Every structure is written in structure tokens, then in C-alpha cells.
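K.L.:
Got a structure here, written out as C-alpha cells. Questions coming.
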Amino acid sequence: MALAIPACAAGARPVKSRVPPVYAEIAKRLRTEGSVTVEATVDFFGKVSDVKTLSGNHALAPSAEDAVRKWRFLSAPDQSTVLVEINFAQ
């Protein structure tokens, strides 16, 4: 099971739609748990244009990045950066 929590300050870009991360099979078998914090760059249309892992387990990071790339945010006048924390637990 993975839980995604936007870790951004109040007044930041609201999430329009979320895609849950896929818990990689190898990570499940090894009972790998933890959280991954990613930084997402969101264009003014609300589409994620770039994602990079800031901290967390490197085995879980690709799943977290892939999920956040598929998120959509509400439109805004400018590009913005949003921090998202994805928690992986079994």
C-alpha cells in the first residue's frame, strides 16, 4: 500500500487528480518500506513537467516519480514547484 501526501505549504497548487504509485514487486518481497519525497515542477496548465527525488529509499523512488508525473494540478498563472511525500508501507 502506498499513500501520497502533498507536502507543500498552505496556499500551494491544489491537486486536481492523483495517480497512486505502484509498489514494485521486488520492494514488496523485500518488505521495503519508507517514504520518498519528490519535487514536482508544474506548468501553468497544471501538468507535471519534471520530477526529481529529494530524499527517501532509492528502491522506491522510481515508483514515486512515475506516479507524480501522472498527477494533474489546477491551472495557475505561473509554473510552480510542489513537494510531495509518498509513503510506502505493507
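Just so we're on the same page: first chain in the C-alpha cells is A, next is B, and so on; residues restart at 1 for each chain, and ligands are numbered from 1 in the order they show up.
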Give me the residues near segment 51-61 of chain A as JSON, numbers by chain, where near means some atom within 9 Å (using only C-alpha atoms) and where sequence neighbours in that chain fewer than 3 positions away do not count.
P.N.:
{"A": [23, 24, 26, 27, 32, 33, 34, 35, 36, 37, 38, 39, 40, 41, 48, 64, 65, 66, 68, 69, 88]}
K.L.:
Emit the selected residues as a short mmCIF file (atom, residue, chain, number, x, y, z; two decimals), in the first residue's frame, including N, CA and C atoms.
P.N.:
```cif
data_model
loop_
_atom_site.label_atom_id
_atom_site.label_comp_id
_atom_site.auth_asym_id
_atom_site.auth_seq_id
_atom_site.Cartn_x
_atom_site.Cartn_y
_atom_site.Cartn_z
N TYR A 23 3.52 -0.18 -6.04
CA TYR A 23 4.52 -0.73 -5.12
C TYR A 23 5.25 -1.83 -5.89
N ALA A 24 6.49 -1.58 -6.25
CA ALA A 24 7.27 -2.53 -7.05
C ALA A 24 7.29 -3.91 -6.39
N ILE A 26 9.47 -6.30 -6.33
CA ILE A 26 10.70 -6.63 -5.61
C ILE A 26 10.73 -5.92 -4.25
N ALA A 27 10.24 -4.69 -4.21
CA ALA A 27 10.20 -3.95 -2.94
C ALA A 27 9.21 -4.60 -1.98
N THR A 32 10.31 -3.72 1.74
CA THR A 32 10.90 -2.39 1.77
C THR A 32 9.81 -1.37 2.05
N GLU A 33 9.99 -0.58 3.08
CA GLU A 33 9.03 0.45 3.45
C GLU A 33 9.75 1.77 3.63
N GLY A 34 8.98 2.83 3.67
CA GLY A 34 9.56 4.15 3.90
C GLY A 34 8.85 5.20 3.09
N SER A 35 9.37 6.39 3.17
CA SER A 35 8.77 7.48 2.41
C SER A 35 9.78 8.04 1.43
N VAL A 36 9.25 8.59 0.35
CA VAL A 36 10.06 9.22 -0.68
C VAL A 36 9.50 10.63 -0.87
N THR A 37 10.38 11.62 -0.81
CA THR A 37 9.96 12.99 -1.06
C THR A 37 10.44 13.39 -2.45
N VAL A 38 9.50 13.83 -3.28
CA VAL A 38 9.84 14.27 -4.62
C VAL A 38 9.45 15.73 -4.81
N GLU A 39 10.18 16.38 -5.70
CA GLU A 39 9.89 17.76 -6.07
C GLU A 39 9.33 17.73 -7.49
N ALA A 40 8.13 18.25 -7.65
CA ALA A 40 7.47 18.25 -8.96
C ALA A 40 7.38 19.69 -9.48
N THR A 41 7.79 19.88 -10.71
CA THR A 41 7.62 21.16 -11.38
C THR A 41 6.32 21.08 -12.17
N VAL A 48 2.47 18.13 -14.77
CA VAL A 48 3.80 17.97 -14.18
C VAL A 48 4.81 17.86 -15.32
N ALA A 64 7.56 6.29 -7.07
CA ALA A 64 7.03 7.58 -6.60
C ALA A 64 7.10 8.61 -7.72
N GLU A 65 8.23 8.68 -8.42
CA GLU A 65 8.37 9.65 -9.52
C GLU A 65 7.38 9.38 -10.63
N ASP A 66 7.23 8.11 -11.02
CA ASP A 66 6.30 7.75 -12.09
C ASP A 66 4.87 8.16 -11.76
N VAL A 68 3.81 10.56 -9.60
CA VAL A 68 3.65 12.02 -9.53
C VAL A 68 3.68 12.64 -10.92
N ARG A 69 4.42 12.05 -11.86
CA ARG A 69 4.42 12.55 -13.25
C ARG A 69 3.02 12.52 -13.86
N PHE A 88 5.34 4.44 1.56
CA PHE A 88 5.15 3.05 1.18
C PHE A 88 5.16 2.21 2.45
#
```
K.L.:
To test your reading of the structure, identify every residue in segment 48-79 of chain A that backbone DSSP assigns to alpha helix (DSSP H), and report it as a PyMOL selection string.
P.N.:
chain A and resi 61-69
K.L.:
Show which residues sit within 8 Å of segment 73-76 of chain A, as a PyMOL selection string. Count only C-alpha atoms, and ignore same-chain residues fewer than 3 positions away.
P.N.:
chain A and resi 13-17+42+44-48+79
K.L.:
State, in Å with one decimal place, the distance from atom CA of Asp43 of chain A to atom CA of Asp78 of chain A.
P.N.:
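Interatomic distance, atom CA of Asp43 of chain A to atom CA of Asp78 of chain A: 6.9 Å.
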K.L.:
Pick out each residue of chain A that DSSP on the backbone tags as strand (DSSP E); I need them as a count of residues only.
P.N.:
37
K.L.:
Tell me which of A:Glu85, A:Lys70, A:Arg31, A:Pro62 sits closest to Val19 of chain A, counting only C-alpha atoms.
P.N.:
A:Lys70
K.L.:
What is the distance between atom CA of Ala12 of chain A and atom CA of Asp50 of chain A, in Å to one decimal?
P.N.:
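Answer for the atom CA of Ala12 of chain A to atom CA of Asp50 of chain A separation: 17.1 Å.
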K.L.:
Rounded to one decimal in Å, what is the spacing between atom CA of Ala89 of chain A and atom CA of Ser49 of chain A?
P.N.:
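Between atom CA of Ala89 of chain A and atom CA of Ser49 of chain A the gap is 27.4 Å.
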K.L.:
Which one of A:Ser63, A:Arg72, A:Pro77, A:Lys28 sits closest to Gln90 of chain A if you count only C-alpha atoms?
P.N.:
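The shortest atom-to-atom distance to Gln90 of chain A comes from A:Lys28.
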